>>> print(open('data.cif').read())   # mmCIF, C-alpha atoms
data_coords
loop_
_atom_site.label_atom_id
_atom_site.label_comp_id
_atom_site.auth_asym_id
_atom_site.auth_seq_id
_atom_site.Cartn_x
_atom_site.Cartn_y
_atom_site.Cartn_z
CA MET A 1 230.53 41.43 50.24
CA HIS A 2 230.77 38.66 47.71
CA ALA A 3 228.05 36.31 46.55
CA HIS A 4 227.87 32.76 47.79
CA LEU A 5 230.39 30.82 45.81
CA GLY A 6 229.01 27.29 45.57
CA LEU A 7 230.84 24.00 45.88
CA GLY A 8 233.99 22.58 44.41
CA LEU A 9 236.00 24.18 41.63
CA SER A 10 233.63 27.06 41.11
CA SER A 11 234.10 30.82 41.06
CA GLU A 12 235.67 30.46 44.52
CA ALA A 13 238.65 28.64 43.06
CA ARG A 14 238.95 31.10 40.19
CA GLN A 15 238.82 34.08 42.57
CA TRP A 16 241.42 32.41 44.77
CA ARG A 17 243.84 32.14 41.86
CA ALA A 18 243.00 35.61 40.53
CA LYS A 19 243.88 37.47 43.72
CA SER A 20 247.34 38.14 45.06
CA ILE A 21 247.35 36.57 48.51
CA GLY A 22 249.96 37.09 51.20
CA PHE A 23 250.52 33.91 53.23
CA ALA A 24 251.78 33.62 56.78
CA GLU A 25 253.85 30.58 57.64
CA GLY A 26 252.01 27.85 59.53
CA VAL A 27 253.68 26.51 62.69
CA PRO A 28 252.83 23.36 64.62
CA VAL A 29 251.77 24.62 68.07
CA ILE A 30 250.25 27.59 69.88
CA ARG A 31 253.13 29.44 71.56
CA ARG A 32 251.84 32.86 72.52
CA LEU A 33 248.35 34.06 73.20
CA LEU A 34 247.79 37.77 73.66
CA LEU A 35 244.76 39.62 74.89
CA ALA A 36 245.39 42.21 72.18
CA THR A 37 244.74 39.50 69.61
CA PHE A 38 241.03 40.07 69.93
CA LEU A 39 240.86 43.84 69.77
CA ALA A 40 239.40 43.46 66.28
CA GLY A 41 236.97 46.30 66.62
CA ALA A 42 233.74 44.29 66.76
CA ALA A 43 230.85 45.72 68.79
CA SER A 44 230.31 44.39 72.29
CA GLY A 45 227.45 42.01 72.96
CA VAL A 46 225.50 44.78 74.69
CA ALA A 47 225.88 47.18 71.75
CA LEU A 48 224.87 44.41 69.34
CA ALA A 49 221.72 43.72 71.38
CA GLN A 50 220.76 47.39 71.25
CA GLU A 51 221.18 47.65 67.46
CA LEU A 52 219.78 44.30 66.40
CA ASN A 53 216.16 43.32 65.87
CA LEU A 54 216.42 39.64 66.69
CA TYR A 55 212.86 38.97 65.54
CA SER A 56 213.50 39.76 61.90
CA SER A 57 215.02 38.17 58.80
CA THR A 58 216.00 39.31 55.33
CA VAL A 59 216.01 37.44 52.02
CA VAL A 60 216.57 38.48 48.41
CA VAL A 61 213.56 38.41 46.07
CA THR A 62 213.32 39.14 42.36
CA GLY A 63 210.74 41.89 42.19
CA THR A 64 207.99 43.12 44.48
CA SER A 65 205.05 41.18 43.05
CA GLU A 66 202.77 39.30 45.44
CA GLU A 67 203.97 35.97 44.02
CA ASN A 68 207.61 36.77 44.74
CA ARG A 69 206.71 38.24 48.13
CA LEU A 70 204.99 35.02 49.23
CA ILE A 71 208.10 33.06 48.22
CA GLY A 72 210.21 35.45 50.29
CA LEU A 73 207.91 35.26 53.31
CA ARG A 74 208.18 31.47 53.29
CA GLU A 75 211.97 31.80 53.34
CA CYS A 76 211.93 34.43 56.08
CA VAL A 77 209.90 32.42 58.60
CA PRO A 78 212.23 29.41 59.16
CA LYS A 79 215.28 31.66 58.87
CA MET A 80 213.90 33.87 61.66
CA LEU A 81 212.93 30.94 63.90
CA VAL A 82 216.48 29.60 63.73
CA ARG A 83 217.88 33.10 64.28
CA VAL A 84 215.77 33.64 67.42
CA SER A 85 216.41 30.19 68.90
CA GLY A 86 219.82 29.18 67.56
CA ASP A 87 218.19 25.77 67.12
CA GLN A 88 219.21 24.26 63.77
CA ARG A 89 217.03 21.20 64.44
CA LEU A 90 213.94 23.25 63.64
CA LEU A 91 214.69 22.98 59.92
CA HIS A 92 214.08 19.23 60.17
CA ASN A 93 211.02 19.45 62.44
CA ALA A 94 207.98 17.87 60.77
CA ALA A 95 205.73 20.65 62.11
CA MET A 96 207.75 23.35 60.33
CA SER A 97 206.10 22.73 56.94
CA ALA A 98 202.67 23.82 58.18
CA ILE A 99 204.12 26.97 59.76
CA ILE A 100 205.94 27.89 56.54
CA GLU A 101 202.78 27.30 54.52
CA GLN A 102 201.01 29.92 56.67
CA ALA A 103 203.96 32.33 56.52
CA GLN A 104 201.90 35.37 55.57
CA GLY A 105 199.94 35.10 58.82
CA HIS A 106 203.10 35.00 60.93
CA VAL A 107 204.74 38.17 59.56
CA ALA A 108 203.81 41.37 61.39
CA SER A 109 205.23 43.72 58.73
CA PHE A 110 207.70 43.80 55.87
CA ARG A 111 209.72 46.27 53.84
CA TYR A 112 211.74 46.27 50.63
CA ARG A 113 215.12 47.71 49.70
CA ASP A 114 216.03 47.96 46.02
CA ARG A 115 219.45 46.32 45.64
CA LEU A 116 219.97 48.33 42.44
CA GLU A 117 218.91 51.64 43.95
CA GLY A 118 220.12 54.46 41.72
CA VAL A 119 220.45 52.19 38.66
CA PRO A 120 217.70 52.99 36.12
CA ILE A 121 215.45 50.20 34.86
CA HIS A 122 216.67 49.68 31.30
CA ASP A 123 215.01 46.52 30.01
CA GLU A 124 211.95 44.34 30.44
CA GLN A 125 213.76 41.88 32.70
CA GLY A 126 214.76 44.72 35.01
CA THR A 127 211.12 45.73 35.29
CA TYR A 128 209.93 42.33 36.50
CA ALA A 129 212.98 40.78 38.12
CA ARG A 130 214.77 43.65 39.82
CA PRO A 131 216.39 42.25 42.99
CA HIS A 132 215.20 43.55 46.35
CA ASP A 133 216.01 42.79 49.96
CA LEU A 134 212.77 41.74 51.66
CA THR A 135 212.97 42.25 55.43
CA CYS A 136 210.27 40.61 57.54
CA ILE A 137 209.48 41.82 61.07
CA PHE A 138 207.80 39.46 63.56
CA ASP A 139 205.96 39.88 66.84
CA PRO A 140 208.17 38.43 69.62
CA LYS A 141 205.28 36.94 71.62
CA HIS A 142 203.90 35.22 68.53
CA VAL A 143 207.33 33.86 67.64
CA ASP A 144 207.95 32.57 71.15
CA ASP A 145 204.63 30.73 70.96
CA LEU A 146 205.63 29.18 67.62
CA LEU A 147 208.92 28.01 69.11
CA ALA A 148 207.07 26.43 72.03
CA GLN A 149 204.89 24.55 69.54
CA LEU A 150 208.08 23.28 67.88
CA GLY A 151 209.55 22.17 71.22
CA SER A 152 212.15 24.94 71.29
CA ASN A 153 212.69 28.31 72.96
CA PRO A 154 214.32 31.72 72.34
CA TRP A 155 218.04 32.33 72.82
CA PRO A 156 218.09 35.90 74.16
CA LEU A 157 220.54 38.71 73.51
CA PRO A 158 223.23 39.54 74.33
CA ARG A 159 224.90 36.36 73.14
CA PRO A 160 228.47 35.29 73.80
CA ARG A 161 230.97 36.59 71.27
CA ILE A 162 232.90 33.99 69.31
CA ALA A 163 236.66 34.30 68.89
CA ALA A 164 237.46 32.52 65.62
CA PHE A 165 240.87 30.98 64.91
CA VAL A 166 240.97 30.01 61.24
CA HIS A 167 243.95 28.09 59.85
CA VAL A 168 243.94 27.56 56.08
CA VAL A 169 246.10 25.15 54.08
CA ARG A 170 246.11 24.95 50.30
CA GLY A 171 248.99 22.99 48.79
CA ASP A 172 252.25 24.43 50.11
CA ASN A 173 250.61 27.63 51.31
CA ALA A 174 249.22 28.13 54.81
CA PHE A 175 248.02 31.11 56.80
CA VAL A 176 246.05 32.19 59.85
CA LEU A 177 243.10 34.39 58.90
CA THR A 178 243.24 37.80 60.58
CA SER A 179 241.03 40.86 60.69
CA ASP A 180 243.54 43.19 59.03
CA GLY A 181 246.21 41.00 57.39
CA PRO A 182 247.11 40.44 53.73
CA GLU A 183 245.17 37.17 53.40
CA THR A 184 242.27 36.81 50.98
CA PRO A 185 239.49 39.28 51.91
CA TYR A 186 236.85 36.88 50.59
CA MET A 187 237.20 34.68 53.66
CA ARG A 188 236.80 37.56 56.10
CA ASP A 189 233.66 38.70 54.27
CA SER A 190 232.35 35.15 54.15
CA LEU A 191 232.77 34.63 57.89
CA GLU A 192 230.86 37.85 58.55
CA LEU A 193 228.10 36.84 56.14
CA ALA A 194 227.76 33.50 57.93
CA ALA A 195 227.44 35.19 61.35
CA SER A 196 224.88 37.86 60.49
CA PRO A 197 221.76 35.69 59.88
CA LEU A 198 222.39 33.94 63.20
CA ALA A 199 222.75 37.22 65.13
CA LEU A 200 226.27 36.23 66.17
CA ASP A 201 229.23 38.49 66.85
CA VAL A 202 232.53 36.99 65.66
CA SER A 203 236.06 38.36 66.04
CA LEU A 204 239.31 37.51 64.25
CA PRO A 205 242.80 38.19 65.61
CA ARG A 206 244.79 41.16 64.38
CA ALA A 207 247.75 40.40 62.13
CA ALA A 208 250.27 41.98 64.51
CA ALA A 209 249.23 39.75 67.41
CA ARG A 210 247.86 36.62 65.80
CA PRO A 211 248.44 33.38 67.69
CA GLU A 212 250.89 30.92 66.18
CA VAL A 213 248.80 27.89 65.26
CA GLY A 214 249.36 24.87 63.08
CA GLY A 215 247.16 22.88 60.75
CA GLU A 216 245.76 20.64 63.49
CA LEU A 217 242.94 21.56 65.84
CA PRO A 218 244.21 22.86 69.18
CA SER A 219 244.09 20.60 72.22
CA PRO A 220 241.58 21.26 75.02
CA LYS A 221 244.41 22.80 77.05
CA GLN A 222 245.30 25.11 74.19
CA LEU A 223 241.64 26.07 73.80
CA GLU A 224 241.55 27.02 77.49
CA ALA A 225 244.53 29.31 76.88
CA LEU A 226 242.77 30.82 73.88
CA ARG A 227 239.68 31.54 75.95
CA GLY A 228 241.78 33.30 78.57
CA ALA A 229 243.57 35.36 75.93
CA ALA A 230 240.24 36.30 74.35
CA ALA A 231 238.94 37.82 77.61
CA GLY A 232 236.22 35.22 77.97
CA ASP A 233 235.00 35.10 74.35
CA VAL A 234 234.14 31.59 73.20
CA PRO A 235 237.07 30.13 71.21
CA LEU A 236 236.16 28.42 67.95
CA ALA A 237 239.02 26.76 66.07
CA ILE A 238 238.51 26.16 62.34
CA THR A 239 240.90 24.32 60.04
CA LEU A 240 240.39 24.39 56.28
CA ARG A 241 242.44 22.10 54.07
CA TRP A 242 241.88 22.08 50.31
CA SER A 243 241.29 18.65 48.76
CA ASP A 244 241.34 18.08 45.00
CA GLU A 245 239.91 14.63 45.63
CA SER A 246 236.94 16.05 47.55
CA LEU A 247 236.56 18.97 45.12
CA GLY A 248 236.43 21.38 48.03
CA TRP A 249 237.62 22.12 51.53
CA ILE A 250 237.89 19.60 54.33
CA ALA A 251 236.79 21.61 57.36
CA SER A 252 237.17 20.71 61.03
CA PHE A 253 235.72 22.67 63.94
CA ARG A 254 236.41 22.61 67.68
CA MET A 255 234.79 24.84 70.30
CA LEU A 256 235.15 25.18 74.04
CA ASN A 257 232.47 26.50 76.39
CA GLU A 258 231.27 25.69 79.90
CA LYS A 259 229.96 22.32 78.67
CA GLY A 260 233.37 21.24 77.44
CA VAL A 261 234.91 20.63 74.03
CA GLN A 262 232.74 19.89 70.98
CA ASP A 263 233.94 18.77 67.53
CA TRP A 264 232.17 18.66 64.16
CA SER A 265 233.23 18.73 60.52
CA ALA A 266 232.31 19.10 56.84
CA THR A 267 233.93 17.72 53.69
CA GLY A 268 234.00 18.85 50.07
CA VAL A 269 232.49 22.29 50.69
CA SER A 270 233.20 25.87 49.68
CA PHE A 271 234.68 28.09 52.37
CA ASP A 272 231.34 29.94 52.43
CA GLU A 273 229.59 26.71 53.41
CA ALA A 274 232.38 25.77 55.83
CA PHE A 275 231.86 29.00 57.77
CA ARG A 276 228.09 28.53 57.72
CA VAL A 277 228.48 25.01 59.13
CA ALA A 278 230.93 26.31 61.75
CA LEU A 279 228.65 29.06 63.03
CA ARG A 280 225.44 27.07 62.81
CA GLY A 281 227.12 24.44 64.96
CA ALA A 282 228.35 27.07 67.41
CA ALA A 283 224.84 28.53 67.68
CA GLN A 284 223.37 25.08 68.23
CA ILE A 285 225.72 24.41 71.13
CA LEU A 286 225.70 27.85 72.76
CA SER A 287 221.91 28.12 72.63
CA GLY A 288 221.60 24.90 74.63
CA HIS A 289 219.89 22.97 71.83
CA GLY A 290 222.27 20.04 71.54
CA VAL A 291 225.27 19.32 69.35
CA PRO A 292 225.72 19.75 65.58
#
>>> encode(input="data.cif", output="structure tokens")
Amino acid sequence: MHAHLGLGLSSEARQWRAKSIGFAEGVPVIRRLLLATFLAGAASGVALAQELNLYSSTVVVTGTSEENRLIGLRECVPKMLVRVSGDQRLLHNAAMSAIIEQAQGHVASFRYRDRLEGVPIHDEQGTYARPHDLTCIFDPKHVDDLLAQLGSNPWPLPRPRIAAFVHVVRGDNAFVLTSDGPETPYMRDSLELAASPLALDVSLPRAAARPEVGGELPSPKQLEALRGAAAGDVPLAITLRWSDESLGWIASFRMLNEKGVQDWSATGVSFDEAFRVALRGAAQILSGHGVP
């Protein structure tokens, strides 16, 4: 997994140029949609529900001191509330500040994992600022009560799986992102990293059976065909077009579920942020908490 890459012409752009990327030709319309497209090996929703502790969240802290732990706990609480509910509006709720301030009282337990496990401490900075994963565990009843106070509610497992169709255009090059193709691996990793904090399961098509899509978002009729081909998974179309003027990607998103077609977008972002915006929006819609 790679680190978050930031906006604009950052390390993302340098990594893009540094890697040898195989591009598939973009075509203007969806012509064939195969059920085998979505045999990408992801766990079923039921298996995910069995393995996942929904009422938890993990952040990175620099050291295990009480000061750094309190910072981490304050990050864990809102992250967990959004994870449990799918409700992105909570981050802008005026009552959230007071809950975050009392974070220590909301966490049932916590544990650390040394991100440099096996690497000896070799300098003073390593002694005080060694990075750790801080995982916070919460009591479900307590969390559900907090959500009620915030005017929200839990979004239970298992959740619908999202079938992602990602079409990328950069200059004269275009490709459809697949689970096992020659395209840049950074994007596959980034999509997975965006899904994990939201407790979402996302699939990509296999290279051998990828749908033929163009640079425009599919029509509602085409989305219906995608949903049928994906055996009922929720189709999420993502187009990424690089813009020198915007110093980043212009991203467009379209999703179809039982409530119809929803569109949202982001401009001038890294592909990491584009995937985060895509999946946060999908969670917002699928959890029943409005539109992005």
>>> closest_residue(input="data.cif", among="A:Pro158, A:Glu183, A:Gly268, A:Pro140", to="Asp244 of chain A", atoms="only C-alpha atoms")
A:Gly268
>>> resolve_selection(input="data.cif", expression="the PyMOL selection byres ((chain A and resi 237) around 7)", output="number ranges by chain")
A: 164-166, 217, 235-236, 238-239, 253-255
>>> atom_distance(input="data.cif", atom1="atom CA of Glu117 of chain A", atom2="atom CA of Arg69 of chain A")
18.6 Å
>>> resolve_selection(input="data.cif", expression="the PyMOL selection byres ((chain A and resi 73-78) around 6)", output="list in words")
Ser57, Leu70, Ile71, Gly72, Lys79, Met80, Leu81, Ile100 and Ala103 of chain A
>>> resolve_selection(input="data.cif", expression="the PyMOL selection byres ((chain A and resi 86-92) around 9)", output="PDB file with C-alpha atoms, in the coordinates of the input")
ATOM      1  CA  PRO A  78     212.230  29.410  59.160  1.00  0.00           C
ATOM      2  CA  LYS A  79     215.280  31.660  58.870  1.00  0.00           C
ATOM      3  CA  LEU A  81     212.930  30.940  63.900  1.00  0.00           C
ATOM      4  CA  VAL A  82     216.480  29.600  63.730  1.00  0.00           C
ATOM      5  CA  ARG A  83     217.880  33.100  64.280  1.00  0.00           C
ATOM      6  CA  VAL A  84     215.770  33.640  67.420  1.00  0.00           C
ATOM      7  CA  SER A  85     216.410  30.190  68.900  1.00  0.00           C
ATOM      8  CA  ASN A  93     211.020  19.450  62.440  1.00  0.00           C
ATOM      9  CA  ALA A  94     207.980  17.870  60.770  1.00  0.00           C
ATOM     10  CA  ALA A  95     205.730  20.650  62.110  1.00  0.00           C
ATOM     11  CA  MET A  96     207.750  23.350  60.330  1.00  0.00           C
ATOM     12  CA  LEU A 147     208.920  28.010  69.110  1.00  0.00           C
ATOM     13  CA  LEU A 150     208.080  23.280  67.880  1.00  0.00           C
ATOM     14  CA  GLY A 151     209.550  22.170  71.220  1.00  0.00           C
ATOM     15  CA  SER A 152     212.150  24.940  71.290  1.00  0.00           C
ATOM     16  CA  ASN A 153     212.690  28.310  72.960  1.00  0.00           C
ATOM     17  CA  PRO A 154     214.320  31.720  72.340  1.00  0.00           C
ATOM     18  CA  TRP A 155     218.040  32.330  72.820  1.00  0.00           C
ATOM     19  CA  LEU A 198     222.390  33.940  63.200  1.00  0.00           C
ATOM     20  CA  ALA A 199     222.750  37.220  65.130  1.00  0.00           C
ATOM     21  CA  ARG A 280     225.440  27.070  62.810  1.00  0.00           C
ATOM     22  CA  GLY A 281     227.120  24.440  64.960  1.00  0.00           C
ATOM     23  CA  ALA A 282     228.350  27.070  67.410  1.00  0.00           C
ATOM     24  CA  ALA A 283     224.840  28.530  67.680  1.00  0.00           C
ATOM     25  CA  GLN A 284     223.370  25.080  68.230  1.00  0.00           C
ATOM     26  CA  ILE A 285     225.720  24.410  71.130  1.00  0.00           C
ATOM     27  CA  LEU A 286     225.700  27.850  72.760  1.00  0.00           C
ATOM     28  CA  SER A 287     221.910  28.120  72.630  1.00  0.00           C
ATOM     29  CA  GLY A 288     221.600  24.900  74.630  1.00  0.00           C
ATOM     30  CA  HIS A 289     219.890  22.970  71.830  1.00  0.00           C
ATOM     31  CA  GLY A 290     222.270  20.040  71.540  1.00  0.00           C
ATOM     32  CA  PRO A 292     225.720  19.750  65.580  1.00  0.00           C
TER      33      PRO A 292
END
>>> atom_distance(input="data.cif", atom1="atom CA of Glu224 of chain A", atom2="atom CA of Leu256 of chain A")
7.5 Å
>>> atom_distance(input="data.cif", atom1="atom CA of Asp172 of chain A", atom2="atom CA of Gly215 of chain A")
11.9 Å
>>> residues_around(input="data.cif", residues="Ser196 of chain A", least_positions_apart="5", cutoff="12 Å", atoms="all atoms listed in the file", output="PDB file with C-alpha atoms, keeping the file's coordinate frame")
ATOM      1  CA  LEU A  48     224.870  44.410  69.340  1.00  0.00           C
ATOM      2  CA  LEU A  52     219.780  44.300  66.400  1.00  0.00           C
ATOM      3  CA  ASN A  53     216.160  43.320  65.870  1.00  0.00           C
ATOM      4  CA  LEU A  54     216.420  39.640  66.690  1.00  0.00           C
ATOM      5  CA  SER A  56     213.500  39.760  61.900  1.00  0.00           C
ATOM      6  CA  SER A  57     215.020  38.170  58.800  1.00  0.00           C
ATOM      7  CA  THR A  58     216.000  39.310  55.330  1.00  0.00           C
ATOM      8  CA  LYS A  79     215.280  31.660  58.870  1.00  0.00           C
ATOM      9  CA  MET A  80     213.900  33.870  61.660  1.00  0.00           C
ATOM     10  CA  ARG A  83     217.880  33.100  64.280  1.00  0.00           C
ATOM     11  CA  ASP A 189     233.660  38.700  54.270  1.00  0.00           C
ATOM     12  CA  SER A 190     232.350  35.150  54.150  1.00  0.00           C
ATOM     13  CA  LEU A 191     232.770  34.630  57.890  1.00  0.00           C
ATOM     14  CA  ASP A 201     229.230  38.490  66.850  1.00  0.00           C
ATOM     15  CA  VAL A 202     232.530  36.990  65.660  1.00  0.00           C
ATOM     16  CA  PHE A 275     231.860  29.000  57.770  1.00  0.00           C
ATOM     17  CA  ARG A 276     228.090  28.530  57.720  1.00  0.00           C
ATOM     18  CA  LEU A 279     228.650  29.060  63.030  1.00  0.00           C
ATOM     19  CA  ARG A 280     225.440  27.070  62.810  1.00  0.00           C
ATOM     20  CA  ALA A 283     224.840  28.530  67.680  1.00  0.00           C
TER      21      ALA A 283
END
>>> closest_residue(input="data.cif", among="A:Val143, A:Leu200, A:Ala163, A:Ala251", to="Glu273 of chain A", atoms="only C-alpha atoms")
A:Ala251
>>> residues_around(input="data.cif", residues="Val169 of chain A", least_positions_apart="3", cutoff="7 Å", atoms="all atoms listed in the file", output="PyMOL selection string")
chain A and resi 173-175+240-242
>>> axis_aligned_box(input="data.cif", around="segment 216-227 of chain A", padding_each_side="5 Å", output="AutoDock Vina command-line options")
--center_x 242.7 --center_y 26.1 --center_z 70.5 --size_x 16.1 --size_y 20.9 --size_z 24.0
